[in-house]
file input-v3.cif (mmCIF, C-alpha atoms and all ligand atoms)
data_start
loop_
_atom_site.group_PDB
_atom_site.id
_atom_site.type_symbol
_atom_site.label_atom_id
_atom_site.label_comp_id
_atom_site.auth_asym_id
_atom_site.auth_seq_id
_atom_site.Cartn_x
_atom_site.Cartn_y
_atom_site.Cartn_z
ATOM 1 C CA MET I 1 0.000 0.000 0.000
ATOM 2 C CA GLU I 2 1.520 3.298 -1.084
ATOM 3 C CA PHE I 3 -1.093 5.830 -0.070
ATOM 4 C CA ILE I 4 -2.680 4.321 3.024
ATOM 5 C CA LYS I 5 -1.401 2.775 6.240
ATOM 6 C CA VAL I 6 -3.271 -0.097 7.815
ATOM 7 C CA GLU I 7 -3.041 -1.381 11.372
ATOM 8 C CA ALA I 8 -5.397 -4.326 11.746
ATOM 9 C CA GLN I 9 -5.023 -4.454 15.545
ATOM 10 C CA ALA I 10 -4.430 -0.827 16.480
ATOM 11 C CA ARG I 11 -6.413 -1.677 19.628
ATOM 12 C CA PRO I 12 -8.089 -4.951 20.539
ATOM 13 C CA TYR I 13 -10.617 -5.653 17.764
ATOM 14 C CA VAL I 14 -10.156 -2.155 16.337
ATOM 15 C CA ALA I 15 -8.422 -1.477 13.025
ATOM 16 C CA LEU I 16 -7.019 1.850 11.909
ATOM 17 C CA VAL I 17 -6.731 2.940 8.300
ATOM 18 C CA GLN I 18 -4.861 6.161 7.691
ATOM 19 C CA LEU I 19 -4.981 8.035 4.406
ATOM 20 C CA ASN I 20 -1.381 8.862 3.681
ATOM 21 C CA ARG I 21 -0.754 11.437 0.951
ATOM 22 C CA PRO I 22 0.016 14.278 3.340
ATOM 23 C CA LYS I 23 1.700 16.601 0.814
ATOM 24 C CA GLU I 24 -1.432 16.541 -1.355
ATOM 25 C CA LEU I 25 -3.748 16.890 1.668
ATOM 26 C CA ASN I 26 -4.761 13.263 1.114
ATOM 27 C CA ALA I 27 -6.323 14.043 -2.254
ATOM 28 C CA LEU I 28 -8.151 10.891 -3.213
ATOM 29 C CA ASN I 29 -6.534 9.639 -6.402
ATOM 30 C CA LEU I 30 -7.700 6.400 -7.986
ATOM 31 C CA GLN I 31 -4.852 4.370 -6.516
ATOM 32 C CA LEU I 32 -5.563 5.580 -2.977
ATOM 33 C CA MET I 33 -9.243 4.749 -3.357
ATOM 34 C CA GLY I 34 -8.385 1.304 -4.730
ATOM 35 C CA GLU I 35 -6.084 0.661 -1.801
ATOM 36 C CA LEU I 36 -8.744 1.836 0.633
ATOM 37 C CA ARG I 37 -11.356 -0.440 -0.971
ATOM 38 C CA ASP I 38 -9.010 -3.451 -0.767
ATOM 39 C CA ALA I 39 -7.988 -2.723 2.836
ATOM 40 C CA LEU I 40 -11.573 -2.328 4.016
ATOM 41 C CA LYS I 41 -12.594 -5.539 2.287
ATOM 42 C CA GLN I 42 -9.756 -7.411 3.961
ATOM 43 C CA LEU I 43 -10.528 -5.942 7.390
ATOM 44 C CA ASP I 44 -14.220 -6.704 6.905
ATOM 45 C CA GLU I 45 -13.276 -10.372 6.476
ATOM 46 C CA ASP I 46 -10.836 -10.433 9.420
ATOM 47 C CA GLU I 47 -12.475 -12.074 12.443
ATOM 48 C CA GLN I 48 -10.148 -10.230 14.795
ATOM 49 C CA VAL I 49 -11.519 -6.877 13.620
ATOM 50 C CA ARG I 50 -14.867 -5.575 14.830
ATOM 51 C CA VAL I 51 -14.695 -1.840 14.169
ATOM 52 C CA ILE I 52 -12.695 0.154 11.633
ATOM 53 C CA ILE I 53 -11.507 3.745 11.985
ATOM 54 C CA VAL I 54 -10.650 5.744 8.877
ATOM 55 C CA THR I 55 -8.550 8.833 9.450
ATOM 56 C CA GLY I 56 -6.190 11.271 7.780
ATOM 57 C CA ASN I 57 -3.865 13.607 9.636
ATOM 58 C CA GLU I 58 -4.301 16.777 11.672
ATOM 59 C CA ARG I 59 -4.261 19.081 8.638
ATOM 60 C CA ALA I 60 -6.496 17.066 6.357
ATOM 61 C CA PHE I 61 -8.818 14.135 6.428
ATOM 62 C CA ALA I 62 -8.952 14.494 2.641
ATOM 63 C CA ALA I 63 -9.212 17.595 0.429
ATOM 64 C CA GLY I 64 -11.277 15.800 -2.173
ATOM 65 C CA ALA I 65 -10.797 13.761 -5.295
ATOM 66 C CA ASP I 66 -7.466 14.407 -7.001
ATOM 67 C CA ILE I 67 -8.193 17.427 -9.192
ATOM 68 C CA LYS I 68 -4.915 17.040 -11.100
ATOM 69 C CA GLN I 69 -5.834 13.482 -12.017
ATOM 70 C CA MET I 70 -9.348 14.480 -13.138
ATOM 71 C CA ALA I 71 -8.625 17.759 -14.909
ATOM 72 C CA GLY I 72 -8.051 16.411 -18.419
ATOM 73 C CA LYS I 73 -10.661 13.672 -18.413
ATOM 74 C CA THR I 74 -13.664 13.449 -20.707
ATOM 75 C CA ALA I 75 -17.072 12.185 -19.650
ATOM 76 C CA ILE I 76 -16.319 8.914 -21.419
ATOM 77 C CA ASP I 77 -12.967 8.580 -19.624
ATOM 78 C CA MET I 78 -14.847 9.030 -16.344
ATOM 79 C CA LEU I 79 -17.468 6.501 -17.391
ATOM 80 C CA ASN I 80 -14.818 3.953 -18.334
ATOM 81 C CA ILE I 81 -12.740 4.511 -15.189
ATOM 82 C CA ASP I 82 -15.914 3.745 -13.227
ATOM 83 C CA GLN I 83 -14.458 4.996 -9.950
ATOM 84 C CA PHE I 84 -17.805 4.750 -8.234
ATOM 85 C CA SER I 85 -17.732 0.964 -8.192
ATOM 86 C CA THR I 86 -14.894 1.455 -5.674
ATOM 87 C CA TRP I 87 -17.109 3.736 -3.605
ATOM 88 C CA ASP I 88 -19.987 1.261 -3.856
ATOM 89 C CA GLN I 89 -17.703 -1.455 -2.530
ATOM 90 C CA ILE I 90 -16.648 0.732 0.409
ATOM 91 C CA LYS I 91 -20.302 1.380 1.205
ATOM 92 C CA LYS I 92 -20.800 -2.382 1.449
ATOM 93 C CA THR I 93 -18.447 -2.692 4.445
ATOM 94 C CA LYS I 94 -20.450 -4.597 7.043
ATOM 95 C CA LYS I 95 -18.524 -3.619 10.148
ATOM 96 C CA PRO I 96 -19.008 -0.214 11.768
ATOM 97 C CA LEU I 97 -16.822 2.464 10.184
ATOM 98 C CA ILE I 98 -15.821 5.544 12.151
ATOM 99 C CA ALA I 99 -14.289 8.555 10.416
ATOM 100 C CA ALA I 100 -11.855 10.453 12.640
ATOM 101 C CA VAL I 101 -11.696 13.835 10.945
ATOM 102 C CA SER I 102 -9.335 16.736 11.491
ATOM 103 C CA GLY I 103 -8.741 19.649 9.129
ATOM 104 C CA PHE I 104 -10.125 19.546 5.615
ATOM 105 C CA ALA I 105 -12.881 17.105 4.706
ATOM 106 C CA LEU I 106 -13.797 18.510 1.317
ATOM 107 C CA GLY I 107 -15.508 17.190 -1.780
ATOM 108 C CA GLY I 108 -14.773 13.466 -1.965
ATOM 109 C CA GLY I 109 -13.201 13.803 1.507
ATOM 110 C CA CYS I 110 -16.489 14.990 2.989
ATOM 111 C CA GLU I 111 -18.265 12.277 1.014
ATOM 112 C CA LEU I 112 -15.896 9.631 2.338
ATOM 113 C CA ALA I 113 -16.477 10.783 5.924
ATOM 114 C CA MET I 114 -20.234 10.635 5.309
ATOM 115 C CA THR I 115 -19.929 7.157 3.792
ATOM 116 C CA CYS I 116 -18.644 6.073 7.209
ATOM 117 C CA ASP I 117 -21.228 5.343 9.899
ATOM 118 C CA MET I 118 -20.126 7.916 12.454
ATOM 119 C CA ILE I 119 -17.833 10.922 12.482
ATOM 120 C CA ILE I 120 -15.625 12.114 15.314
ATOM 121 C CA ALA I 121 -14.273 15.562 14.510
ATOM 122 C CA SER I 122 -11.468 17.683 15.855
ATOM 123 C CA GLU I 123 -12.177 21.372 16.526
ATOM 124 C CA THR I 124 -10.282 22.208 13.344
ATOM 125 C CA ALA I 125 -12.379 19.984 11.083
ATOM 126 C CA MET I 126 -14.012 21.694 8.112
ATOM 127 C CA PHE I 127 -16.602 20.005 5.972
ATOM 128 C CA GLY I 128 -17.462 21.177 2.508
ATOM 129 C CA GLN I 129 -18.549 20.334 -1.004
ATOM 130 C CA PRO I 130 -16.585 22.956 -2.939
ATOM 131 C CA GLU I 131 -16.835 21.196 -6.308
ATOM 132 C CA ILE I 132 -19.006 24.038 -7.651
ATOM 133 C CA LYS I 133 -15.954 26.291 -7.487
ATOM 134 C CA ILE I 134 -14.107 24.097 -9.963
ATOM 135 C CA GLY I 135 -17.031 23.775 -12.336
ATOM 136 C CA VAL I 136 -18.463 20.466 -11.238
ATOM 137 C CA MET I 137 -20.643 19.128 -8.448
ATOM 138 C CA PRO I 138 -20.446 16.375 -5.839
ATOM 139 C CA GLY I 139 -20.322 12.904 -7.366
ATOM 140 C CA ALA I 140 -19.768 10.453 -4.523
ATOM 141 C CA GLY I 141 -22.943 11.010 -2.546
ATOM 142 C CA GLY I 142 -22.570 14.610 -1.334
ATOM 143 C CA THR I 143 -25.865 15.901 -2.703
ATOM 144 C CA GLN I 144 -27.698 12.978 -1.115
ATOM 145 C CA ARG I 145 -25.966 12.327 2.197
ATOM 146 C CA LEU I 146 -25.408 15.980 3.092
ATOM 147 C CA THR I 147 -29.072 16.707 2.384
ATOM 148 C CA LYS I 148 -30.188 13.817 4.562
ATOM 149 C CA ALA I 149 -27.910 15.001 7.370
ATOM 150 C CA LEU I 150 -28.498 18.769 7.230
ATOM 151 C CA GLY I 151 -31.816 19.178 5.457
ATOM 152 C CA LYS I 152 -32.395 20.771 2.075
ATOM 153 C CA ALA I 153 -31.729 24.450 2.779
ATOM 154 C CA LYS I 154 -28.335 24.032 4.468
ATOM 155 C CA ALA I 155 -27.150 21.336 2.073
ATOM 156 C CA MET I 156 -28.240 23.345 -0.944
ATOM 157 C CA GLU I 157 -26.333 26.384 0.254
ATOM 158 C CA MET I 158 -23.178 24.371 0.835
ATOM 159 C CA VAL I 159 -23.383 22.619 -2.527
ATOM 160 C CA LEU I 160 -24.172 25.803 -4.463
ATOM 161 C CA THR I 161 -21.662 28.115 -2.760
ATOM 162 C CA GLY I 162 -18.934 25.692 -1.738
ATOM 163 C CA LYS I 163 -18.931 27.234 1.753
ATOM 164 C CA PHE I 164 -17.416 25.143 4.523
ATOM 165 C CA LEU I 165 -19.148 23.977 7.674
ATOM 166 C CA THR I 166 -17.126 24.255 10.876
ATOM 167 C CA ALA I 167 -16.853 21.314 13.229
ATOM 168 C CA THR I 168 -19.077 23.021 15.793
ATOM 169 C CA ASP I 169 -21.798 23.722 13.220
ATOM 170 C CA ALA I 170 -21.451 20.201 11.848
ATOM 171 C CA GLU I 171 -22.058 18.836 15.332
ATOM 172 C CA ARG I 172 -24.975 21.176 15.970
ATOM 173 C CA GLN I 173 -26.578 20.048 12.733
ATOM 174 C CA GLY I 174 -26.102 16.357 13.335
ATOM 175 C CA LEU I 175 -23.454 15.637 10.706
ATOM 176 C CA VAL I 176 -20.870 14.572 13.276
ATOM 177 C CA ASN I 177 -21.160 12.694 16.543
ATOM 178 C CA ARG I 178 -18.941 15.016 18.544
ATOM 179 C CA VAL I 179 -16.154 17.542 18.419
ATOM 180 C CA VAL I 180 -13.081 17.305 20.601
ATOM 181 C CA PRO I 181 -9.781 19.193 20.839
ATOM 182 C CA VAL I 182 -7.428 18.349 18.002
ATOM 183 C CA GLU I 183 -5.048 16.351 20.174
ATOM 184 C CA LEU I 184 -7.906 14.063 21.200
ATOM 185 C CA TYR I 185 -9.851 13.301 18.027
ATOM 186 C CA LEU I 186 -8.174 9.997 17.258
ATOM 187 C CA GLU I 187 -8.292 8.913 20.894
ATOM 188 C CA GLU I 188 -11.997 9.768 21.011
ATOM 189 C CA ALA I 189 -12.552 7.652 17.885
ATOM 190 C CA PHE I 190 -10.696 4.777 19.559
ATOM 191 C CA LYS I 191 -12.859 5.211 22.632
ATOM 192 C CA LEU I 192 -16.054 4.952 20.606
ATOM 193 C CA ALA I 193 -14.660 2.046 18.575
ATOM 194 C CA GLY I 194 -13.592 0.260 21.767
ATOM 195 C CA GLU I 195 -17.069 0.586 23.208
ATOM 196 C CA ILE I 196 -18.670 -0.872 20.085
ATOM 197 C CA ALA I 197 -16.018 -3.598 19.872
ATOM 198 C CA GLN I 198 -17.244 -4.952 23.202
ATOM 199 C CA MET I 199 -20.705 -5.589 21.777
ATOM 200 C CA SER I 200 -21.733 -8.607 19.766
ATOM 201 C CA PRO I 201 -20.157 -8.156 16.333
ATOM 202 C CA VAL I 202 -23.027 -10.139 14.837
ATOM 203 C CA ALA I 203 -25.616 -7.795 16.330
ATOM 204 C CA ALA I 204 -23.505 -4.769 15.395
ATOM 205 C CA LYS I 205 -23.402 -5.781 11.732
ATOM 206 C CA LEU I 206 -27.119 -6.519 11.613
ATOM 207 C CA ALA I 207 -27.962 -3.299 13.437
ATOM 208 C CA LYS I 208 -25.748 -1.217 11.133
ATOM 209 C CA GLU I 209 -27.444 -2.765 8.142
ATOM 210 C CA ALA I 210 -30.881 -1.979 9.562
ATOM 211 C CA VAL I 211 -30.057 1.655 10.403
ATOM 212 C CA ASN I 212 -28.661 2.166 6.903
ATOM 213 C CA ARG I 213 -31.780 0.594 5.458
ATOM 214 C CA SER I 214 -33.783 3.533 6.768
ATOM 215 C CA PHE I 215 -32.151 5.670 4.056
ATOM 216 C CA GLU I 216 -33.317 3.364 1.296
ATOM 217 C CA ALA I 217 -36.711 2.090 2.336
ATOM 218 C CA SER I 218 -40.196 3.223 3.338
ATOM 219 C CA LEU I 219 -40.994 2.959 7.065
ATOM 220 C CA GLU I 220 -42.985 -0.198 6.412
ATOM 221 C CA GLU I 221 -40.146 -1.882 4.511
ATOM 222 C CA GLY I 222 -37.580 -0.642 6.994
ATOM 223 C CA LEU I 223 -39.521 -2.071 9.925
ATOM 224 C CA TYR I 224 -39.864 -5.370 8.109
ATOM 225 C CA PHE I 225 -36.127 -5.442 7.423
ATOM 226 C CA GLU I 226 -35.364 -4.569 11.051
ATOM 227 C CA ARG I 227 -37.584 -7.400 12.262
ATOM 228 C CA LYS I 228 -35.804 -9.969 10.077
ATOM 229 C CA ASN I 229 -32.422 -8.872 11.398
ATOM 230 C CA PHE I 230 -33.776 -8.894 14.945
ATOM 231 C CA TYR I 231 -34.914 -12.509 14.497
ATOM 232 C CA LEU I 232 -31.545 -13.371 12.973
ATOM 233 C CA CYS I 233 -29.792 -12.217 16.164
ATOM 234 C CA PHE I 234 -31.481 -15.157 17.877
ATOM 235 C CA ALA I 235 -29.494 -17.537 15.671
ATOM 236 C CA SER I 236 -26.270 -16.307 17.289
ATOM 237 C CA GLU I 237 -24.366 -17.612 20.288
ATOM 238 C CA ASP I 238 -23.904 -13.962 21.173
ATOM 239 C CA GLN I 239 -27.631 -13.576 21.857
ATOM 240 C CA LYS I 240 -27.547 -16.554 24.242
ATOM 241 C CA GLU I 241 -24.402 -15.222 25.897
ATOM 242 C CA GLY I 242 -25.679 -11.648 26.159
ATOM 243 C CA MET I 243 -28.966 -12.593 27.760
ATOM 244 C CA ALA I 244 -27.424 -15.260 30.032
ATOM 245 C CA ALA I 245 -24.837 -12.724 31.221
ATOM 246 C CA PHE I 246 -27.604 -10.245 32.039
ATOM 247 C CA ILE I 247 -29.510 -12.832 34.047
ATOM 248 C CA GLU I 248 -26.350 -14.068 35.812
ATOM 249 C CA LYS I 249 -25.326 -10.456 36.541
ATOM 250 C CA ARG I 250 -21.947 -10.712 34.804
ATOM 251 C CA LYS I 251 -20.243 -9.058 31.856
ATOM 252 C CA PRO I 252 -20.919 -10.823 28.548
ATOM 253 C CA SER I 253 -18.105 -12.140 26.420
ATOM 254 C CA PHE I 254 -19.115 -12.072 22.774
ATOM 255 C CA SER I 255 -17.504 -14.395 20.264
ATOM 256 C CA GLY I 256 -19.048 -13.119 17.049
ATOM 257 C CA ARG I 257 -20.702 -16.466 16.431
HETATM 258 C C1 LIG I 301 -5.239 17.521 -5.957
HETATM 259 C C2 LIG I 301 -4.791 18.857 -4.145
HETATM 260 C C3 LIG I 301 -6.149 18.837 -3.764
HETATM 261 C C4 LIG I 301 -7.048 18.067 -4.572
HETATM 262 C C5 LIG I 301 -5.081 20.030 -2.344
HETATM 263 N N1 LIG I 301 -4.165 19.595 -3.234
HETATM 264 N N2 LIG I 301 -6.298 19.567 -2.646
HETATM 265 N N3 LIG I 301 -4.340 18.199 -5.224
HETATM 266 N N4 LIG I 301 -6.543 17.437 -5.661
HETATM 267 N N5 LIG I 301 -8.341 17.967 -4.275
HETATM 268 C C6 LIG I 301 -2.716 19.875 -3.255
HETATM 269 C C7 LIG I 301 -2.428 21.285 -3.729
HETATM 270 O O1 LIG I 301 -2.409 21.334 -5.141
HETATM 271 C C8 LIG I 301 -1.056 21.497 -3.135
HETATM 272 O O2 LIG I 301 -0.074 20.837 -3.881
HETATM 273 C C9 LIG I 301 -1.145 20.788 -1.805
HETATM 274 O O3 LIG I 301 -2.197 19.850 -1.947
HETATM 275 C C10 LIG I 301 -1.462 21.722 -0.651
HETATM 276 O O4 LIG I 301 -2.616 22.460 -0.979
HETATM 277 P P1 LIG I 301 -2.697 24.054 -0.940
HETATM 278 O O5 LIG I 301 -3.806 24.472 -1.823
HETATM 279 O O6 LIG I 301 -1.362 24.653 -1.206
HETATM 280 O O7 LIG I 301 -3.071 24.300 0.598
HETATM 281 P P2 LIG I 301 -3.946 25.487 1.207
HETATM 282 O O8 LIG I 301 -3.584 26.806 0.619
HETATM 283 O O9 LIG I 301 -3.843 25.324 2.699
HETATM 284 O O10 LIG I 301 -5.445 25.186 0.764
HETATM 285 C C11 LIG I 301 -6.075 24.015 1.206
HETATM 286 C C12 LIG I 301 -7.388 23.796 0.433
HETATM 287 C C13 LIG I 301 -7.094 23.807 -1.078
HETATM 288 C C14 LIG I 301 -8.408 24.893 0.775
HETATM 289 C C15 LIG I 301 -7.948 22.447 0.880
HETATM 290 O O11 LIG I 301 -6.001 22.929 -1.335
HETATM 291 C C16 LIG I 301 -8.237 23.382 -1.930
HETATM 292 O O12 LIG I 301 -9.141 24.176 -2.168
HETATM 293 N N6 LIG I 301 -8.196 22.155 -2.426
HETATM 294 C C17 LIG I 301 -9.211 21.632 -3.335
HETATM 295 C C18 LIG I 301 -10.506 21.329 -2.616
HETATM 296 C C19 LIG I 301 -11.565 20.841 -3.565
HETATM 297 O O13 LIG I 301 -11.974 21.560 -4.488
HETATM 298 N N7 LIG I 301 -12.012 19.587 -3.374
HETATM 299 C C20 LIG I 301 -12.998 18.988 -4.242
HETATM 300 C C21 LIG I 301 -12.341 18.209 -5.359
HETATM 301 S S1 LIG I 301 -13.488 17.548 -6.490
HETATM 302 P P3 LIG I 301 1.019 21.632 -4.794
HETATM 303 O O14 LIG I 301 1.941 20.545 -5.276
HETATM 304 O O15 LIG I 301 0.208 22.249 -5.875
HETATM 305 O O16 LIG I 301 1.637 22.606 -3.875
HETATM 306 C C22 LIG I 301 -14.128 16.217 -5.695
HETATM 307 C C23 LIG I 301 -15.176 15.434 -6.438
HETATM 308 C C24 LIG I 301 -15.461 14.128 -5.815
HETATM 309 O O17 LIG I 301 -13.761 15.870 -4.619
HETATM 310 C C25 LIG I 301 -16.223 13.277 -6.764
HETATM 311 C C26 LIG I 301 -16.167 11.819 -6.494
HETATM 312 C C27 LIG I 301 -14.904 11.156 -6.183
#
call {"tool": "encode", "arguments": {"input": "input-v3.cif", "output": "structure tokens", "more": "lines below"}}
Ligand code: HXC
result
Amino acid sequence: MEFIKVEAQARPYVALVQLNRPKELNALNLQLMGELRDALKQLDEDEQVRVIIVTGNERAFAAGADIKQMAGKTAIDMLNIDQFSTWDQIKKTKKPLIAAVSGFALGGGCELAMTCDMIIASETAMFGQPEIKIGVMPGAGGTQRLTKALGKAKAMEMVLTGKFLTATDAERQGLVNRVVPVELYLEEAFKLAGEIAQMSPVAAKLAKEAVNRSFEASLEEGLYFERKNFYLCFASEDQKEGMAAFIEKRKPSFSGR
């Protein structure tokens, strides 16, 4: 891997993936995205991993897709490159994904953070979809996910002006889980990941899938989907263990089976 660093056991059951093109503010070129897709797929299959954190560095989570790589492309080049199949694959990650964001999360960077399930932000984090300023528009989910998170008026303004959202405003508007001082953002992400890693990984996967379903389905369909996943939990050893531990007044030990 040239443009990302992967630590499968950064903490017990918690993997860390760091975007690593610091000079280019982690601009998301095709190779980086390919590496990220492959790493997430591998970690998703690793039984020793229950939660995955995606981060950048203090200055930038990612400043967007690589403009220099895209500048000369035609529509047909873009169609043939089919970069969004990579993004679709990332979206299919079954384990909880936490974005630990500091500095710039712009364009594809903001979209990548929003593709994750939760966002922990440093006070310096800035979210934005500035594509309009370079003559294009968001292409990896920004118009959809930002609108679902912020509502139409705020999302529209960001997409049409390219204005950034500060970490504090992002938290106030529900885009991020919480904001912490810059020296603590990664630690805070580890804390959240560690908490989730203690839960049943089977239930966590099924629950993640059900929450995400709410973006795709009607209430009726979503409730139906939730119910099926709820029933499926009862096929796991973790359900037996979790409920037995409650009754026996002890801490459960989940195996992911
Ligand atoms: C390629 C980028 C880049 C990007 C920064 N760099 N962002 N290279 N693609 N998206 C490079 C700069 O060219 C520069 O390299 C180096 O990183 C440092 O950036 P500076 O501009 O010198 O830093 P600064 O003045 O602090 O400004 C930071 C910034 C600015 C505000 C984040 O870099 C910026 O506006 N970047 C572009 C943001 C953007 O428009 N993102 C959306 C991209 S389109 P050199 O070698 O030149 O010094 C998109 C579409 C997604 O994301 C669609 C689906 C994938």
call {"tool": "residues_near_ligand", "arguments": {"input": "input-v3.cif", "ligand": "ligand LIG 301 (chain I)", "cutoff": "10 Å", "atoms": "all atoms listed in the file", "output": "number ranges by chain"}}
result
I: 21-30, 33, 59-60, 62-71, 83-84, 86-87, 103-112, 126, 128-142, 162, 164
call {"tool": "residues_around", "arguments": {"input": "input-v3.cif", "residues": "Gln198 (chain I)", "least_positions_apart": "6", "cutoff": "9 Å", "atoms": "all atoms listed in the file", "output": "list in words"}}
result
Tyr13, Arg50, Pro252, Ser253 and Phe254 of chain I
call {"tool": "residues_near_point", "arguments": {"input": "input-v3.cif", "point": "(-25.4, -11.8, 23.5)", "cutoff": "9 Å", "atoms": "only C-alpha atoms", "output": "JSON list (two decimals) with C-alpha atoms, in the frame of the given file"}}
result
[["chain", "number", "residue", "atom", "x", "y", "z"],
["I", 199, "MET", "CA", -20.70, -5.59, 21.78],
["I", 200, "SER", "CA", -21.73, -8.61, 19.77],
["I", 203, "ALA", "CA", -25.62, -7.80, 16.33],
["I", 233, "CYS", "CA", -29.79, -12.22, 16.16],
["I", 234, "PHE", "CA", -31.48, -15.16, 17.88],
["I", 236, "SER", "CA", -26.27, -16.31, 17.29],
["I", 237, "GLU", "CA", -24.37, -17.61, 20.29],
["I", 238, "ASP", "CA", -23.90, -13.96, 21.17],
["I", 239, "GLN", "CA", -27.63, -13.58, 21.86],
["I", 240, "LYS", "CA", -27.55, -16.55, 24.24],
["I", 241, "GLU", "CA", -24.40, -15.22, 25.90],
["I", 242, "GLY", "CA", -25.68, -11.65, 26.16],
["I", 243, "MET", "CA", -28.97, -12.59, 27.76],
["I", 244, "ALA", "CA", -27.42, -15.26, 30.03],
["I", 245, "ALA", "CA", -24.84, -12.72, 31.22],
["I", 246, "PHE", "CA", -27.60, -10.24, 32.04],
["I", 252, "PRO", "CA", -20.92, -10.82, 28.55],
["I", 253, "SER", "CA", -18.10, -12.14, 26.42],
["I", 254, "PHE", "CA", -19.11, -12.07, 22.77],
["I", 255, "SER", "CA", -17.50, -14.40, 20.26]]
call {"tool": "axis_aligned_box", "arguments": {"input": "input-v3.cif", "around": "region 215-227 of chain I", "padding_each_side": "6 Å", "output": "lines of an AutoDock Vina configuration file"}}
result
center_x = -37.6
center_y = -0.9
center_z = 6.8
size_x = 22.8
size_y = 25.1
size_z = 23.0
call {"tool": "resolve_selection", "arguments": {"input": "input-v3.cif", "expression": "the PyMOL selection byres (((chain I and resi 169) around 12) and not hetatm)", "output": "PyMOL selection string"}}
result
chain I and resi 121+123-128+150+154+164-168+170-179
call {"tool": "atom_distance", "arguments": {"input": "input-v3.cif", "atom1": "CA of Gln89 (chain I)", "atom2": "CA of Arg37 (chain I)"}}
result
6.6 Å
call {"tool": "closest_atom_pairs", "arguments": {"input": "input-v3.cif", "of": "region 39-77 of chain I", "to": "region 95-101 of chain I", "cutoff": "12 Å", "atoms": "only C-alpha atoms", "output": "CSV"}}
result
residue,atom,partner,partner_atom,distance
I:Leu40,CA,I:Lys95,CA,9.4
I:Lys41,CA,I:Lys95,CA,10.0
I:Gln42,CA,I:Lys95,CA,11.4
I:Leu43,CA,I:Lys95,CA,8.8
I:Asp44,CA,I:Lys95,CA,6.2
I:Glu45,CA,I:Lys95,CA,9.3
I:Asp46,CA,I:Lys95,CA,10.3
I:Glu47,CA,I:Lys95,CA,10.6
I:Gln48,CA,I:Lys95,CA,11.6
I:Val49,CA,I:Lys95,CA,8.5
I:Arg50,CA,I:Lys95,CA,6.3
I:Val51,CA,I:Pro96,CA,5.2
I:Ile52,CA,I:Leu97,CA,4.9
I:Ile53,CA,I:Ile98,CA,4.7
I:Val54,CA,I:Ala99,CA,4.8
I:Thr55,CA,I:Ala100,CA,4.9
I:Gly56,CA,I:Val101,CA,6.8
I:Asn57,CA,I:Val101,CA,7.9
I:Glu58,CA,I:Val101,CA,8.0
I:Arg59,CA,I:Val101,CA,9.4
I:Ala60,CA,I:Val101,CA,7.7
I:Phe61,CA,I:Val101,CA,5.4
I:Ala62,CA,I:Val101,CA,8.8
I:Ala63,CA,I:Val101,CA,11.4
